[in-house]
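Dumped model_28.txt below, it's compact mmCIF, C-alpha atoms and all ligand atoms:
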```
# COMPACT_ATOMS: atom_id res chain seq x y z
CA MET A 1 25.50 10.16 -36.58
CA SER A 2 22.77 9.85 -33.97
CA SER A 3 23.02 13.23 -32.18
CA ALA A 4 21.05 16.35 -33.16
CA ALA A 5 22.40 18.87 -35.69
CA TYR A 6 24.81 21.66 -34.72
CA ASP A 7 23.02 25.00 -34.12
CA ASP A 8 25.28 28.01 -34.73
CA ASN A 9 23.12 30.19 -32.47
CA ASN A 10 24.54 28.50 -29.37
CA ILE A 11 26.19 30.83 -26.85
CA PHE A 12 29.78 29.64 -27.50
CA ALA A 13 29.39 30.16 -31.26
CA LYS A 14 28.30 33.73 -30.43
CA ILE A 15 31.36 34.17 -28.18
CA LEU A 16 33.64 32.81 -30.94
CA ARG A 17 32.12 35.30 -33.41
CA GLY A 18 32.63 38.13 -30.88
CA GLU A 19 28.88 38.79 -30.64
CA ILE A 20 28.88 38.45 -26.86
CA PRO A 21 31.78 39.12 -24.47
CA SER A 22 33.99 36.64 -22.63
CA HIS A 23 37.07 36.77 -20.41
CA ARG A 24 39.59 35.16 -22.78
CA VAL A 25 42.81 33.69 -21.44
CA TYR A 26 44.16 32.00 -24.61
CA GLU A 27 43.61 31.92 -28.35
CA ASP A 28 45.32 30.18 -31.26
CA GLU A 29 44.32 29.38 -34.85
CA HIS A 30 42.02 26.52 -33.81
CA THR A 31 41.05 27.15 -30.19
CA VAL A 32 39.86 29.75 -27.68
CA ALA A 33 39.87 29.46 -23.87
CA PHE A 34 37.80 31.72 -21.61
CA MET A 35 36.50 31.87 -18.05
CA ASP A 36 33.33 29.93 -17.19
CA VAL A 37 30.80 32.51 -15.94
CA MET A 38 29.41 30.05 -13.37
CA PRO A 39 32.68 28.62 -12.08
CA GLN A 40 32.71 25.39 -10.08
CA ALA A 41 35.92 26.71 -8.46
CA PRO A 42 37.93 29.94 -8.92
CA GLY A 43 39.92 29.67 -12.15
CA HIS A 44 37.40 27.43 -14.00
CA VAL A 45 38.25 27.74 -17.73
CA LEU A 46 36.49 26.43 -20.84
CA VAL A 47 38.63 25.28 -23.79
CA VAL A 48 36.59 25.68 -26.97
CA PRO A 49 37.62 24.60 -30.49
CA LYS A 50 36.70 27.14 -33.18
CA ALA A 51 35.45 24.40 -35.51
CA ALA A 52 31.71 23.71 -35.29
CA SER A 53 30.64 20.50 -33.55
CA ARG A 54 28.05 19.75 -30.86
CA ASN A 55 30.43 17.69 -28.74
CA ILE A 56 33.03 14.91 -28.88
CA LEU A 57 30.59 12.58 -30.68
CA ASP A 58 30.48 14.55 -33.94
CA ALA A 59 33.84 16.40 -33.78
CA ASN A 60 36.64 15.93 -36.27
CA PRO A 61 39.40 13.84 -34.56
CA ALA A 62 41.99 16.48 -35.50
CA THR A 63 39.92 19.10 -33.68
CA ILE A 64 39.87 16.94 -30.55
CA SER A 65 43.61 16.24 -30.81
CA HIS A 66 44.53 19.88 -30.92
CA ALA A 67 42.03 20.87 -28.23
CA ILE A 68 43.43 18.34 -25.76
CA THR A 69 46.92 19.82 -26.14
CA VAL A 70 45.41 23.20 -25.24
CA VAL A 71 43.61 21.59 -22.29
CA GLN A 72 47.03 20.41 -21.03
CA LYS A 73 48.51 23.90 -21.41
CA ILE A 74 45.58 25.52 -19.59
CA ALA A 75 45.59 22.83 -16.87
CA ASN A 76 49.21 23.60 -16.01
CA ALA A 77 48.51 27.35 -16.09
CA VAL A 78 45.49 27.17 -13.75
CA LYS A 79 47.36 24.81 -11.41
CA ASP A 80 50.18 27.33 -11.07
CA ALA A 81 47.95 30.43 -11.07
CA PHE A 82 45.75 29.13 -8.21
CA ASP A 83 48.40 27.05 -6.43
CA ALA A 84 46.06 24.07 -6.87
CA ASP A 85 46.59 20.53 -5.59
CA GLY A 86 45.04 19.06 -8.73
CA VAL A 87 43.11 19.89 -11.90
CA LEU A 88 39.78 18.42 -12.98
CA VAL A 89 39.03 18.09 -16.72
CA ILE A 90 35.37 17.42 -17.61
CA GLN A 91 33.59 17.16 -20.95
CA PHE A 92 29.83 16.45 -21.30
CA ASN A 93 28.09 14.94 -24.35
CA GLU A 94 24.35 15.50 -24.86
CA PRO A 95 21.75 16.41 -22.21
CA ALA A 96 21.68 12.94 -20.68
CA ALA A 97 25.33 13.44 -19.74
CA GLY A 98 24.80 16.98 -18.42
CA GLN A 99 25.69 19.06 -21.50
CA THR A 100 23.90 22.42 -21.61
CA VAL A 101 25.79 24.31 -24.35
CA PHE A 102 25.97 22.42 -27.63
CA HIS A 103 29.38 23.44 -28.99
CA LEU A 104 32.30 21.17 -28.04
CA HIS A 105 34.15 22.36 -24.93
CA PHE A 106 36.36 21.04 -22.14
CA HIS A 107 36.09 22.25 -18.54
CA VAL A 108 39.45 22.81 -16.79
CA ILE A 109 38.96 23.33 -13.04
CA PRO A 110 41.67 23.84 -10.40
CA ARG A 111 41.04 21.71 -7.27
CA HIS A 112 42.23 22.09 -3.70
CA ASP A 113 42.30 19.30 -1.15
CA GLY A 114 39.23 19.41 1.13
CA ILE A 115 37.34 22.09 -0.85
CA PRO A 116 34.17 20.73 -2.48
CA LEU A 117 33.35 21.43 -6.11
CA LYS A 118 30.51 23.96 -6.57
CA PRO A 119 27.47 22.88 -8.65
CA HIS A 120 27.65 22.69 -12.45
CA SER A 121 25.95 25.77 -14.00
CA GLY A 122 25.36 27.12 -10.48
CA LYS A 123 25.89 30.77 -9.50
CA MET A 124 27.00 33.56 -11.86
CA GLU A 125 30.39 35.02 -10.77
CA ASP A 126 31.07 38.74 -10.55
CA GLY A 127 32.69 40.11 -13.73
CA ASP A 128 35.53 41.76 -11.79
CA VAL A 129 36.42 38.43 -10.16
CA LEU A 130 36.41 36.66 -13.54
CA ALA A 131 38.58 39.41 -15.02
CA ALA A 132 41.08 39.18 -12.14
CA ASN A 133 41.23 35.37 -12.40
CA ALA A 134 41.72 35.62 -16.18
CA GLU A 135 44.69 37.94 -15.60
CA LYS A 136 46.29 35.44 -13.19
CA ILE A 137 46.01 32.66 -15.78
CA LYS A 138 47.28 34.87 -18.60
CA GLY A 139 50.24 35.73 -16.38
CA GLU A 140 51.14 32.03 -16.18
CA LEU A 141 50.65 31.58 -19.93
CA GLY A 142 52.76 34.64 -20.68
CA SER A 143 49.91 35.97 -22.84
P1 LIG B 201 28.09 22.07 -20.26
O1 LIG B 201 27.50 22.33 -21.64
O2 LIG B 201 27.16 21.28 -19.41
O3 LIG B 201 29.46 21.48 -20.32
O4 LIG B 201 28.24 23.45 -19.52
C1 LIG B 201 28.32 24.71 -20.14
C2 LIG B 201 29.13 25.62 -19.26
O5 LIG B 201 29.11 26.89 -19.89
C3 LIG B 201 28.60 25.82 -17.83
O6 LIG B 201 29.65 25.52 -16.93
C4 LIG B 201 28.21 27.30 -17.78
O7 LIG B 201 28.50 27.88 -16.54
C5 LIG B 201 29.05 27.88 -18.89
N1 LIG B 201 28.54 29.08 -19.54
C6 LIG B 201 27.27 29.31 -19.94
N2 LIG B 201 27.19 30.50 -20.56
C7 LIG B 201 28.43 31.03 -20.56
C8 LIG B 201 29.00 32.24 -21.05
N3 LIG B 201 28.27 33.18 -21.65
N4 LIG B 201 30.33 32.45 -20.88
C9 LIG B 201 31.09 31.53 -20.25
N5 LIG B 201 30.62 30.37 -19.76
C10 LIG B 201 29.31 30.12 -19.91
```

Do you think you could lay out the structure here as structure tokens?
Amino acid sequence: MSSAAYDDNNIFAKILRGEIPSHRVYEDEHTVAFMDVMPQAPGHVLVVPKAASRNILDANPATISHAITVVQKIANAVKDAFDADGVLVIQFNEPAAGQTVFHLHFHVIPRHDGIPLKPHSGKMEDGDVLAANAEKIKGELGS
């Protein structure tokens, strides 16, 4: 394996351990989904496997398989919750590809025709807005 080692002090590992807060919309045995704090559009969610891996390059295939089924579930929920025209799924591997947090995650971003995507890791969103958007998505998920 050519990538660097997994570091369990990364921010998503801390979120998974409950050491720092997040606006969670979904959780199952293997996966958590929570709001991105610097959303590229309202309703931007991160789907994060609980198993430790830096990214898709070193992840267990079973971890990826399960996570992508959760990505589908969240994609449909954000599409309905935000009345979106489409849904963008992005996943970065290593700094050269734009990855900034080194625990595997998938971005799920509702898109509307004619509205440009905001920058990746751009502006921090207000906590109340994130909480309200999380509630909309949870409403669609029935959770
Ligand atoms: P990347 O590793 O490039 O896929 O991007 C990491 C993403 O995590 C960015 O979109 C950040 O806005 C987001 N992010 C960073 N810290 C937090 C946090 N504490 N809670 C939720 N999202 C975060």

*asked:* Which residues are close to segment 85-93 of chain A, i.e. within 7 Å by all atoms listed in the file, leaving aside same-chain residues fewer than 3 positions away? Reply as JSON, numbers by chain.
replied: {"A": [55, 56, 75, 79, 97, 98, 99, 105, 106, 107, 108, 109, 110, 111, 112, 113]}

*Quick one: residues within 8 Å of ligand LIG 201 (chain B), with only C-alpha atoms and all ligand atoms, as a ChimeraX atom specification?*
/A:11-12,15,20-23,34-40,46,90-93,95,98-103,105-107,120-122,124

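With atom CA of Val25 of chain A on one side and atom CA of Ile137 of chain A on the other, the separation reads 6.6 Å.
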
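Take the candidates A:His66, A:Asp8, A:Tyr26, A:Glu94 and check each one against Ala134 of chain A using all atoms listed in the file; the shortest distance goes to A:Tyr26.
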
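Here the question is which of A:Pro42, A:Pro61, A:Gly18, A:Pro49 gets nearest to His30 of chain A using all atoms listed in the file, and that residue is A:Pro49.
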
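Closest to Asp80 of chain A among A:Glu29, A:Asp58, A:Asp7, A:Glu140 is A:Glu140, based on only C-alpha atoms.
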
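One distance worth recording is that between atom CA of Ala41 of chain A and atom CA of Tyr6 of chain A, which is 29.0 Å.
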
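Put simply, atom CA of Lys138 of chain A is 9.6 Å away from atom CA of Ile74 of chain A.
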
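Residue nearest Ala81 of chain A within the list A:Val48, A:Leu16, A:Ala132, A:Ala5: A:Ala132 [criterion: smallest interatomic distance, all atoms listed in the file].
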
Edge lengths and centre in Å to one decimal, as lines of an AutoDock Vina configuration file, of the axis-aligned box that encloses all listed atoms of segment 126-143 of chain A with 6 Å added on every side?
```
center_x = 41.9
center_y = 36.7
center_z = -16.5
size_x = 33.7
size_y = 22.2
size_z = 24.7
```

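Ranking A:Asn133, A:Asn60, A:Ser143, A:Ser53 by their shortest atom-to-atom distance to Val78 of chain A, with only C-alpha atoms included, puts A:Asn133 first.
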
Since the input lacks atoms, please generate all heavy atoms for segment 85-96 of chain A and provide them as an mmCIF file, in the coordinates of the input.
```cif
data_model
loop_
_atom_site.group_PDB
_atom_site.id
_atom_site.type_symbol
_atom_site.label_atom_id
_atom_site.label_comp_id
_atom_site.auth_asym_id
_atom_site.auth_seq_id
_atom_site.Cartn_x
_atom_site.Cartn_y
_atom_site.Cartn_z
ATOM 1 N N ASP A 85 46.047 21.865 -5.872
ATOM 2 C CA ASP A 85 46.590 20.530 -5.590
ATOM 3 C C ASP A 85 46.360 19.582 -6.761
ATOM 4 O O ASP A 85 47.058 18.571 -6.896
ATOM 5 C CB ASP A 85 45.896 19.949 -4.345
ATOM 6 C CG ASP A 85 46.132 20.823 -3.130
ATOM 7 O OD1 ASP A 85 47.308 21.134 -2.856
ATOM 8 O OD2 ASP A 85 45.158 21.207 -2.471
ATOM 9 N N GLY A 86 45.350 19.900 -7.575
ATOM 10 C CA GLY A 86 45.040 19.060 -8.730
ATOM 11 C C GLY A 86 44.194 19.849 -9.717
ATOM 12 O O GLY A 86 43.811 20.994 -9.451
ATOM 13 N N VAL A 87 43.914 19.235 -10.855
ATOM 14 C CA VAL A 87 43.110 19.890 -11.900
ATOM 15 C C VAL A 87 42.111 18.869 -12.436
ATOM 16 O O VAL A 87 42.500 17.763 -12.835
ATOM 17 C CB VAL A 87 43.981 20.423 -13.049
ATOM 18 C CG1 VAL A 87 43.115 21.107 -14.104
ATOM 19 C CG2 VAL A 87 45.058 21.369 -12.541
ATOM 20 N N LEU A 88 40.836 19.272 -12.440
ATOM 21 C CA LEU A 88 39.780 18.420 -12.980
ATOM 22 C C LEU A 88 39.473 18.840 -14.417
ATOM 23 O O LEU A 88 39.279 20.027 -14.698
ATOM 24 C CB LEU A 88 38.520 18.601 -12.115
ATOM 25 C CG LEU A 88 37.268 17.828 -12.516
ATOM 26 C CD1 LEU A 88 37.495 16.317 -12.408
ATOM 27 C CD2 LEU A 88 36.089 18.248 -11.637
ATOM 28 N N VAL A 89 39.430 17.851 -15.332
ATOM 29 C CA VAL A 89 39.030 18.090 -16.720
ATOM 30 C C VAL A 89 37.727 17.327 -16.940
ATOM 31 O O VAL A 89 37.672 16.114 -16.696
ATOM 32 C CB VAL A 89 40.115 17.618 -17.708
ATOM 33 C CG1 VAL A 89 39.637 17.727 -19.150
ATOM 34 C CG2 VAL A 89 41.408 18.427 -17.507
ATOM 35 N N ILE A 90 36.679 18.053 -17.371
ATOM 36 C CA ILE A 90 35.370 17.420 -17.610
ATOM 37 C C ILE A 90 34.874 17.801 -18.993
ATOM 38 O O ILE A 90 35.125 18.922 -19.471
ATOM 39 C CB ILE A 90 34.282 17.872 -16.606
ATOM 40 C CG1 ILE A 90 34.802 18.020 -15.194
ATOM 41 C CG2 ILE A 90 33.090 16.936 -16.645
ATOM 42 C CD1 ILE A 90 33.745 18.516 -14.203
ATOM 43 N N GLN A 91 34.141 16.899 -19.607
ATOM 44 C CA GLN A 91 33.590 17.160 -20.950
ATOM 45 C C GLN A 91 32.282 16.370 -21.068
ATOM 46 O O GLN A 91 32.291 15.151 -20.943
ATOM 47 C CB GLN A 91 34.647 16.746 -21.986
ATOM 48 C CG GLN A 91 34.382 17.223 -23.399
ATOM 49 C CD GLN A 91 33.442 16.289 -24.109
ATOM 50 O OE1 GLN A 91 33.586 15.070 -24.014
ATOM 51 N NE2 GLN A 91 32.471 16.848 -24.792
ATOM 52 N N PHE A 92 31.165 17.067 -21.280
ATOM 53 C CA PHE A 92 29.830 16.450 -21.300
ATOM 54 C C PHE A 92 29.332 16.294 -22.735
ATOM 55 O O PHE A 92 29.553 17.185 -23.567
ATOM 56 C CB PHE A 92 28.822 17.326 -20.546
ATOM 57 C CG PHE A 92 29.165 17.591 -19.101
ATOM 58 C CD1 PHE A 92 29.818 18.759 -18.727
ATOM 59 C CD2 PHE A 92 28.829 16.686 -18.116
ATOM 60 C CE1 PHE A 92 30.123 19.010 -17.398
ATOM 61 C CE2 PHE A 92 29.125 16.934 -16.781
ATOM 62 C CZ PHE A 92 29.780 18.090 -16.426
ATOM 63 N N ASN A 93 28.621 15.193 -23.011
ATOM 64 C CA ASN A 93 28.090 14.940 -24.350
ATOM 65 C C ASN A 93 26.608 14.627 -24.306
ATOM 66 O O ASN A 93 26.224 13.550 -23.836
ATOM 67 C CB ASN A 93 28.865 13.786 -25.000
ATOM 68 C CG ASN A 93 30.341 14.113 -25.093
ATOM 69 O OD1 ASN A 93 30.745 14.896 -25.938
ATOM 70 N ND2 ASN A 93 31.142 13.571 -24.192
ATOM 71 N N GLU A 94 25.816 15.599 -24.784
ATOM 72 C CA GLU A 94 24.350 15.500 -24.860
ATOM 73 C C GLU A 94 23.704 15.676 -23.474
ATOM 74 O O GLU A 94 24.353 15.503 -22.444
ATOM 75 C CB GLU A 94 23.913 14.192 -25.533
ATOM 76 C CG GLU A 94 24.393 14.058 -26.990
ATOM 77 C CD GLU A 94 23.888 15.176 -27.907
ATOM 78 O OE1 GLU A 94 22.746 15.637 -27.734
ATOM 79 O OE2 GLU A 94 24.653 15.600 -28.783
ATOM 80 N N PRO A 95 22.436 16.087 -23.473
ATOM 81 C CA PRO A 95 21.750 16.410 -22.210
ATOM 82 C C PRO A 95 21.780 15.282 -21.182
ATOM 83 O O PRO A 95 21.909 15.542 -19.981
ATOM 84 C CB PRO A 95 20.311 16.715 -22.664
ATOM 85 C CG PRO A 95 20.461 17.190 -24.069
ATOM 86 C CD PRO A 95 21.595 16.384 -24.651
ATOM 87 N N ALA A 96 21.689 14.059 -21.628
ATOM 88 C CA ALA A 96 21.680 12.940 -20.680
ATOM 89 C C ALA A 96 22.964 12.877 -19.868
ATOM 90 O O ALA A 96 22.983 12.342 -18.754
ATOM 91 C CB ALA A 96 21.474 11.624 -21.431
#
```
